[in-house]
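Peer 1: There's a structure below that I have some questions on.
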Amino acid sequence: MRELPIIDFETDVLIIGGGLAGCMAAIKAAEREGVRVILVDKSNTIRSGCAASGIDHTWAYIPPIHEKMGYSMDDMAEDHRVGTSYGFFRRDLFSLVAGTNYDRVQDLENFGIKFRYEDSPIPGGYRIVPQFHSVPTSFNFEGKPLKPTLTREAKNRGVEIINRVQMTDLITTDGGISGAVGVHTRTADIYFFRAKSVVLSTGRSNRLSRNPTGFDFNTRMPSPMCGDGTSMAIRAGLPVINIEFLTNILGLGPCGNYNPNYGDPRNTVQPAARIIDGKGNVIVPRTQFYDWEDLGKEKWTSDAGRKVWRGGRASLVKRHAAGDGPFYLDFSEATDAEIAYIEWSIKQEGKGTQFMRYFQGEEGADLRKNRQEYAGLWPREISGTAAKGLWVDKNLETEIRNLFAAGDEVGGLPWQASSGAFAQGWYAGEVAAKRASAQGNLPSVRKDTVYQRRQMCADMLDRSAGFHWKEVEIGVQNLMDFYCGDIRSEAMLRRGLERLEDAKVASMKAENPHELGRCLDVKSIIDNAELVLRSSLERRESRPGPLGFVRVDFPEQDDENWLVFLAIRKQPDGTFSFSKIPVDR
Amino acid sequence: MAFKHIYFDEQLCNGCNECVEVCMCDVFAPNPEKGKPPLVMYPEECWFGGCCISHCPHGHEGAIKIITPFQMRGSFKRS
């Protein structure tokens with residue numbers, strides 16, 4: 001039996017997950033005098049997380065523009081509560097994100113990210129489009145270099161970045177965080193960190209369902225993010241909210257399986273494109289570019305604005321169910337300038353550049369001439385970006401003292417996405433550094449978890465035979481799709497939980513450190529799957545899309561009892577308990 | 001025939017391994033022969049984000065090419 005080396009680290013602030021939120025947290029924490037910061041990422045912070053290959057938008061309340069429109073923070077909060085969060089809304093988190101992300105945009109500009117354009121008619125030279133709210137609130141910008149830029153800024157401030165280490169366990173001492181454990185996925189060395197405060201920012205829980213292409217890692221959002229933070233948190237006894245909303249994301253991403261993710265009826269292309277059915281009927285019309293010439297004149301009343309903006313996706317879901325498909329994204333009415341804008345925007349976002357290499361390069365196709373279909377195989381993911389996540393207080397602190405969370409790790413503000421990552425990352429970094437400064441020595445820590453994890457990893461590497469990680473992952477995804485898919489009922493969910501027991505004890509064999517990392521991915525996926533099954537069992541109601549939660553034994557939507565954050569937690573004896581936390585109205 | 005969709009141009013690739021470093025899915029491994037293109041170890045774990053190409057010093061010249069797998073193609077009107 002091999003003995004994997006344990007490498008010890010001591011730091012003031014440890015940040016787990018180096019996406020946008022983690023990088024922002026590291027930068028801000030390291031600005032505090034005398035605070036040592038370590039940032040750990042399972043990939044490489046230069047290209048990791050949802051913004052790995054770039055993003056093109058982030059929303060904020062923009063005082064110099066929105067005040068002139070007569071659009072207040074309260075208007076925006078109401079837009080977000082009703083239209084974007086479908087009621088699952090935390091006002092304190094909204095205020096933090098909406099109220100500070102404009103400042104973060106200015107920080108990003110100082111780091112060299114391009115937000116302003118000479119040809120823009122918008123005050124400040126910004127490019128701003130309507131997307132998540134009834135008036136334009138999303139900056140369109142050149143976010144392709146974000147991750148290399150934030151990595152550079154973190155390093156410039158003395159942050160120690162450790163790449164290719166997959167974190168697996170949190171360690172607590174007397175109700176406070178004291179350390180964490182991870183595994184290097186190229187060496188299989190065990191990394192043990194002692195820290196005074198920790199920020200958890202590992203992003204989303206992907207890979208809980210089969211990917212319809214059969215290309216398992218071609219998920220909409222990056223496949224390495226498979227709920228490691230949720231898994232660590234639940235094993236540390238923390239509550240996770242709304243994880244039951246694993247659902248089809250109908251209406252996202254035309255060109256179906258490719259998932260370039262730019263064709264949401266509310267997405268940034270919408271002013272230039274409309275959605276039509278096979279007969280050419282317009283299902284969702286183009287929205288207008290805003291009249292920037294006269295901000296006061298065209299004030300969008302909340303009701304009218306919301307009507308235009310909210311109509312899209314819901315009607316697409318219903319029309320599909322009524323047999324009105326196929327549907328296409330249609331740019332035929334777009335002007336050359338609009339097409340140029342859209343191409344620019346797509347090429348900043350996620351897989352957009354790669355999609356355009358395919359669409360224009362490999363196929364010789366053309367955005368205007370070749371309608372793109374919302375093609376039949378929709379992926380499933382936890383709906384609403386951040387409906388699901390850790391329960392934190394208004395300072396982003398969890399129930400474990402000095403353990404903070406940021407970005408998509410946090411539940412309670414759906415579709416906070418990059419805005420949540422920038423704003424909460426920055427804020428979490430600030431409070432975590434402050435908290436670390438206020439402490440004297442590192443908290444004492446027990447190393448049992450480190451040795452247990454080392455043993456588990458050595459077993460996976462050493463055993464002569466076992467299941468390949470992918471067999472177990474596909475098995476879990478298949479059972480989630482069958483027992484916890486479009487049709488959920490008590491009996492089916494209970495059977496799903498029974499079958500998940502087989503996956504929990506499946507003995508996986510890793511041929512090398514890379515495969516060991518994947519085996520640990522699967523362990524996280526299993527933990528997340530269990531939470532989805534159990535929370536689905538507890539939520540005794542149904543909810544229409546985009547949440548798309550159907551309990552056939554409780555077919556009615558029940559706002560009185562269930563328009564609440566459903567929090568699940570694991571008790572020390574291994575059982576699970578639930579609580580309902582009121583949403584903000 | 002093993003599945004393959006990522007190709008290196010041996011003339012353009014200088015074996016710098018920048019793609020090995022940045023690939024978030026850890027698809028590549030350095031070639032044991034120095035200066036040669038990386039090995040595509042785990043093509044089925046590719047996310048199609050194109051970070052390898054963005055980050056390649058000769059990416060825009062075509063040093064790395066992704067040929068889109070059939071099942072991800074064609075969800076658009078040909079004419």
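Residue numbers start at 1 in each chain; chains themselves are named A, B, ... in the order of the structure tokens; ligands are numbered from 1 in the order shown.
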Mind dumping a table of every chain B residue within 10 Å of chain A, with the nearest atom pair and its distance in Å to one decimal, using only C-alpha atoms, sorted by chain and rising number, as a Markdown table?

Peer 2:
| residue | atom | partner | partner_atom | distance |
| --- | --- | --- | --- | --- |
| B:Glu21 | CA | A:Asn44 | CA | 7.1 |
| B:Val22 | CA | A:Arg47 | CA | 5.6 |
| B:Cys23 | CA | A:Arg47 | CA | 7.0 |
| B:Met24 | CA | A:Ser43 | CA | 4.8 |
| B:Cys25 | CA | A:Pro224 | CA | 6.3 |
| B:Asp26 | CA | A:Ser43 | CA | 7.4 |
| B:Val27 | CA | A:His514 | CA | 9.4 |
| B:Tyr42 | CA | A:His514 | CA | 9.7 |
| B:Pro43 | CA | A:Phe217 | CA | 9.7 |
| B:Glu44 | CA | A:Phe215 | CA | 6.8 |
| B:Glu45 | CA | A:Phe217 | CA | 5.3 |
| B:Cys46 | CA | A:Phe217 | CA | 6.0 |
| B:Trp47 | CA | A:Asn218 | CA | 4.7 |
| B:Phe48 | CA | A:Lys351 | CA | 6.5 |
| B:Gly49 | CA | A:Lys351 | CA | 4.5 |
| B:Gly50 | CA | A:Gln354 | CA | 5.6 |
| B:Cys51 | CA | A:Ser53 | CA | 5.5 |
| B:Cys52 | CA | A:Arg47 | CA | 9.2 |
| B:Ile53 | CA | A:Gln354 | CA | 8.9 |
| B:Ser54 | CA | A:Ser53 | CA | 7.9 |
| B:His55 | CA | A:Arg47 | CA | 9.0 |
| B:Lys65 | CA | A:Arg357 | CA | 9.8 |
| B:Ile66 | CA | A:Gln354 | CA | 8.5 |
| B:Ile67 | CA | A:Tyr358 | CA | 7.9 |
| B:Thr68 | CA | A:Tyr358 | CA | 6.7 |
| B:Pro69 | CA | A:Phe215 | CA | 9.0 |
| B:Phe70 | CA | A:Thr213 | CA | 9.7 |
| B:Gln71 | CA | A:Thr213 | CA | 6.2 |
| B:Met72 | CA | A:Tyr258 | CA | 5.1 |
| B:Arg73 | CA | A:Tyr258 | CA | 7.1 |
| B:Gly74 | CA | A:Cys255 | CA | 7.1 |
| B:Ser75 | CA | A:Cys255 | CA | 4.5 |
| B:Phe76 | CA | A:Gln372 | CA | 4.2 |
| B:Lys77 | CA | A:Asn370 | CA | 5.2 |
| B:Arg78 | CA | A:Asn370 | CA | 6.1 |
| B:Ser79 | CA | A:Asn370 | CA | 6.0 |

Peer 1: Residues within 9 Å of Gly35 of chain B, please, as a ChimeraX atom specification. Count only C-alpha atoms; anything in the same chain fewer than 5 positions from it doesn't count.

Peer 2: /B:13-17

Peer 1: I need the residues in chain B that are alpha helix (DSSP H) according to DSSP; give them as a list in words.

Peer 2: Glu18, Cys19, Val20, Glu21, Val22, Cys51, Cys52, Ile53, Ser54 and His55 of chain B

Peer 1: DSSP on the backbone: what in segment 133-285 of chain A comes out strand (DSSP E or B), as an mmCIF file with N, CA and C atoms, in the first residue's frame?

Peer 2:
data_model
loop_
_atom_site.group_PDB
_atom_site.id
_atom_site.type_symbol
_atom_site.label_atom_id
_atom_site.label_comp_id
_atom_site.auth_asym_id
_atom_site.auth_seq_id
_atom_site.Cartn_x
_atom_site.Cartn_y
_atom_site.Cartn_z
ATOM 1 N N SER A 138 -27.516 44.979 -18.270
ATOM 2 C CA SER A 138 -26.348 44.116 -18.494
ATOM 3 C C SER A 138 -25.298 44.831 -19.326
ATOM 4 N N PHE A 139 -24.135 45.012 -18.751
ATOM 5 C CA PHE A 139 -23.002 45.483 -19.535
ATOM 6 C C PHE A 139 -22.620 44.384 -20.520
ATOM 7 N N ASN A 140 -22.478 44.744 -21.795
ATOM 8 C CA ASN A 140 -21.792 43.870 -22.750
ATOM 9 C C ASN A 140 -20.346 44.325 -22.768
ATOM 10 N N GLU A 142 -15.833 43.026 -23.164
ATOM 11 C CA GLU A 142 -14.874 42.066 -23.693
ATOM 12 C C GLU A 142 -14.268 41.257 -22.553
ATOM 13 N N GLU A 160 -0.777 33.394 -3.342
ATOM 14 C CA GLU A 160 -0.171 32.138 -3.785
ATOM 15 C C GLU A 160 -1.262 31.297 -4.446
ATOM 16 N N ILE A 161 -1.089 31.032 -5.726
ATOM 17 C CA ILE A 161 -2.095 30.261 -6.464
ATOM 18 C C ILE A 161 -1.618 28.824 -6.607
ATOM 19 N N ILE A 162 -2.470 27.890 -6.212
ATOM 20 C CA ILE A 162 -2.135 26.468 -6.332
ATOM 21 C C ILE A 162 -3.147 25.839 -7.279
ATOM 22 N N VAL A 165 -5.411 21.304 -7.800
ATOM 23 C CA VAL A 165 -5.697 20.635 -6.534
ATOM 24 C C VAL A 165 -7.204 20.655 -6.309
ATOM 25 N N GLN A 166 -7.734 19.459 -6.211
ATOM 26 C CA GLN A 166 -9.169 19.303 -6.036
ATOM 27 C C GLN A 166 -9.473 19.193 -4.549
ATOM 28 N N MET A 167 -10.227 20.162 -4.029
ATOM 29 C CA MET A 167 -10.495 20.176 -2.595
ATOM 30 C C MET A 167 -11.620 19.195 -2.270
ATOM 31 N N THR A 168 -11.470 18.515 -1.138
ATOM 32 C CA THR A 168 -12.416 17.450 -0.811
ATOM 33 C C THR A 168 -13.066 17.589 0.563
ATOM 34 N N ASP A 169 -12.409 18.258 1.495
ATOM 35 C CA ASP A 169 -12.939 18.279 2.866
ATOM 36 C C ASP A 169 -12.662 19.606 3.559
ATOM 37 N N LEU A 170 -13.621 20.032 4.358
ATOM 38 C CA LEU A 170 -13.430 21.165 5.259
ATOM 39 C C LEU A 170 -13.181 20.609 6.654
ATOM 40 N N ILE A 171 -12.337 21.271 7.417
ATOM 41 C CA ILE A 171 -12.082 20.837 8.794
ATOM 42 C C ILE A 171 -12.489 21.971 9.738
ATOM 43 N N THR A 172 -13.235 21.621 10.770
ATOM 44 C CA THR A 172 -13.684 22.641 11.713
ATOM 45 C C THR A 172 -13.152 22.332 13.110
ATOM 46 N N THR A 173 -13.054 23.395 13.878
ATOM 47 C CA THR A 173 -12.640 23.265 15.280
ATOM 48 C C THR A 173 -13.547 24.157 16.112
ATOM 49 N N GLY A 176 -15.759 26.620 14.287
ATOM 50 C CA GLY A 176 -15.144 27.543 13.332
ATOM 51 C C GLY A 176 -14.304 26.771 12.326
ATOM 52 N N ILE A 177 -14.051 27.385 11.188
ATOM 53 C CA ILE A 177 -13.233 26.713 10.182
ATOM 54 C C ILE A 177 -11.787 26.715 10.652
ATOM 55 N N SER A 178 -11.084 25.621 10.398
ATOM 56 C CA SER A 178 -9.673 25.597 10.783
ATOM 57 C C SER A 178 -8.778 25.048 9.679
ATOM 58 N N GLY A 179 -9.354 24.393 8.698
ATOM 59 C CA GLY A 179 -8.509 23.857 7.646
ATOM 60 C C GLY A 179 -9.302 23.200 6.543
ATOM 61 N N ALA A 180 -8.581 22.666 5.572
ATOM 62 C CA ALA A 180 -9.213 21.993 4.442
ATOM 63 C C ALA A 180 -8.207 21.033 3.814
ATOM 64 N N VAL A 181 -8.753 20.054 3.084
ATOM 65 C CA VAL A 181 -7.928 19.018 2.479
ATOM 66 C C VAL A 181 -8.221 18.948 0.985
ATOM 67 N N GLY A 182 -7.195 18.661 0.210
ATOM 68 C CA GLY A 182 -7.379 18.477 -1.222
ATOM 69 C C GLY A 182 -6.394 17.467 -1.765
ATOM 70 N N VAL A 183 -6.555 17.160 -3.050
ATOM 71 C CA VAL A 183 -5.709 16.162 -3.701
ATOM 72 C C VAL A 183 -5.221 16.739 -5.023
ATOM 73 N N HIS A 184 -3.922 16.614 -5.278
ATOM 74 C CA HIS A 184 -3.387 17.127 -6.542
ATOM 75 C C HIS A 184 -3.699 16.119 -7.644
ATOM 76 N N ILE A 190 -1.387 14.739 -1.284
ATOM 77 C CA ILE A 190 -2.474 15.257 -0.461
ATOM 78 C C ILE A 190 -2.079 16.650 0.028
ATOM 79 N N TYR A 191 -2.953 17.614 -0.158
ATOM 80 C CA TYR A 191 -2.690 18.994 0.250
ATOM 81 C C TYR A 191 -3.513 19.302 1.495
ATOM 82 N N PHE A 192 -2.808 19.709 2.526
ATOM 83 C CA PHE A 192 -3.485 20.010 3.791
ATOM 84 C C PHE A 192 -3.239 21.479 4.141
ATOM 85 N N PHE A 193 -4.315 22.207 4.283
ATOM 86 C CA PHE A 193 -4.228 23.643 4.549
ATOM 87 C C PHE A 193 -4.747 23.951 5.944
ATOM 88 N N ARG A 194 -3.994 24.772 6.677
ATOM 89 C CA ARG A 194 -4.539 25.371 7.896
ATOM 90 C C ARG A 194 -4.804 26.835 7.584
ATOM 91 N N ALA A 195 -5.935 27.351 8.033
ATOM 92 C CA ALA A 195 -6.293 28.728 7.695
ATOM 93 C C ALA A 195 -7.132 29.344 8.804
ATOM 94 N N LYS A 196 -7.089 30.680 8.858
ATOM 95 C CA LYS A 196 -7.909 31.404 9.846
ATOM 96 C C LYS A 196 -9.300 31.680 9.307
ATOM 97 N N SER A 197 -9.387 31.891 8.008
ATOM 98 C CA SER A 197 -10.711 32.027 7.392
ATOM 99 C C SER A 197 -10.658 31.430 5.993
ATOM 100 N N VAL A 198 -11.825 31.008 5.524
ATOM 101 C CA VAL A 198 -11.908 30.314 4.234
ATOM 102 C C VAL A 198 -13.076 30.876 3.435
ATOM 103 N N VAL A 199 -12.846 31.063 2.136
ATOM 104 C CA VAL A 199 -13.942 31.416 1.226
ATOM 105 C C VAL A 199 -14.164 30.217 0.298
ATOM 106 N N LEU A 200 -15.401 29.746 0.255
ATOM 107 C CA LEU A 200 -15.755 28.619 -0.601
ATOM 108 C C LEU A 200 -16.404 29.186 -1.863
ATOM 109 N N SER A 205 -23.192 22.874 -9.630
ATOM 110 C CA SER A 205 -23.247 21.410 -9.576
ATOM 111 C C SER A 205 -23.671 20.887 -10.941
ATOM 112 N N CYS A 226 -18.597 20.282 -10.517
ATOM 113 C CA CYS A 226 -19.617 19.265 -10.263
ATOM 114 C C CYS A 226 -20.005 19.245 -8.791
ATOM 115 N N VAL A 240 -27.995 23.512 2.637
ATOM 116 C CA VAL A 240 -27.982 23.866 1.213
ATOM 117 C C VAL A 240 -29.433 24.055 0.793
ATOM 118 N N ILE A 241 -29.700 25.118 0.050
ATOM 119 C CA ILE A 241 -31.094 25.408 -0.303
ATOM 120 C C ILE A 241 -31.396 25.128 -1.776
ATOM 121 N N LEU A 246 -33.510 20.556 -10.196
ATOM 122 C CA LEU A 246 -32.742 20.021 -11.323
ATOM 123 C C LEU A 246 -33.733 19.835 -12.464
ATOM 124 N N THR A 247 -33.539 20.552 -13.544
ATOM 125 C CA THR A 247 -34.606 20.601 -14.535
ATOM 126 C C THR A 247 -34.074 20.760 -15.947
ATOM 127 N N ASN A 248 -34.932 20.471 -16.911
ATOM 128 C CA ASN A 248 -34.599 20.735 -18.308
ATOM 129 C C ASN A 248 -34.466 22.224 -18.499
ATOM 130 N N ARG A 274 -35.328 37.284 -33.527
ATOM 131 C CA ARG A 274 -36.648 36.897 -33.039
ATOM 132 C C ARG A 274 -36.714 35.385 -33.074
ATOM 133 N N ILE A 275 -37.708 34.845 -32.388
ATOM 134 C CA ILE A 275 -37.878 33.400 -32.395
ATOM 135 C C ILE A 275 -39.105 33.087 -33.232
ATOM 136 N N ILE A 276 -38.939 32.192 -34.192
ATOM 137 C CA ILE A 276 -40.052 31.842 -35.066
ATOM 138 C C ILE A 276 -40.282 30.346 -35.023
ATOM 139 N N ASP A 277 -41.489 29.919 -35.416
ATOM 140 C CA ASP A 277 -41.732 28.486 -35.515
ATOM 141 C C ASP A 277 -41.473 28.042 -36.956
ATOM 142 N N VAL A 282 -44.036 34.380 -35.791
ATOM 143 C CA VAL A 282 -43.151 34.935 -34.770
ATOM 144 C C VAL A 282 -43.660 34.527 -33.385
ATOM 145 N N ILE A 283 -42.823 33.830 -32.657
ATOM 146 C CA ILE A 283 -43.193 33.382 -31.308
ATOM 147 C C ILE A 283 -42.758 34.431 -30.290
ATOM 148 N N VAL A 284 -41.540 34.872 -30.417
ATOM 149 C CA VAL A 284 -41.035 35.940 -29.555
ATOM 150 C C VAL A 284 -40.446 37.024 -30.464
#

Peer 1: Do you know which residues are at most 9 Å from Gly62 of chain B counting only C-alpha atoms, after dropping those on the same chain fewer than 2 positions away, and could you put them as a list of chain:residue names?

Peer 2: B:Phe8, B:Asp9, B:Leu12, B:Ile53, B:His58, B:Gly59, B:His60, B:Ile64, B:Lys65

Peer 1: Considering only C-alpha atoms, state which residue in the set A:Arg454, A:Lys155, A:Pro544, A:Val583 is at the smallest distance from Asn561 of chain A.

Peer 2: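 With only C-alpha atoms as the atom set, the closest residue is A:Val583.
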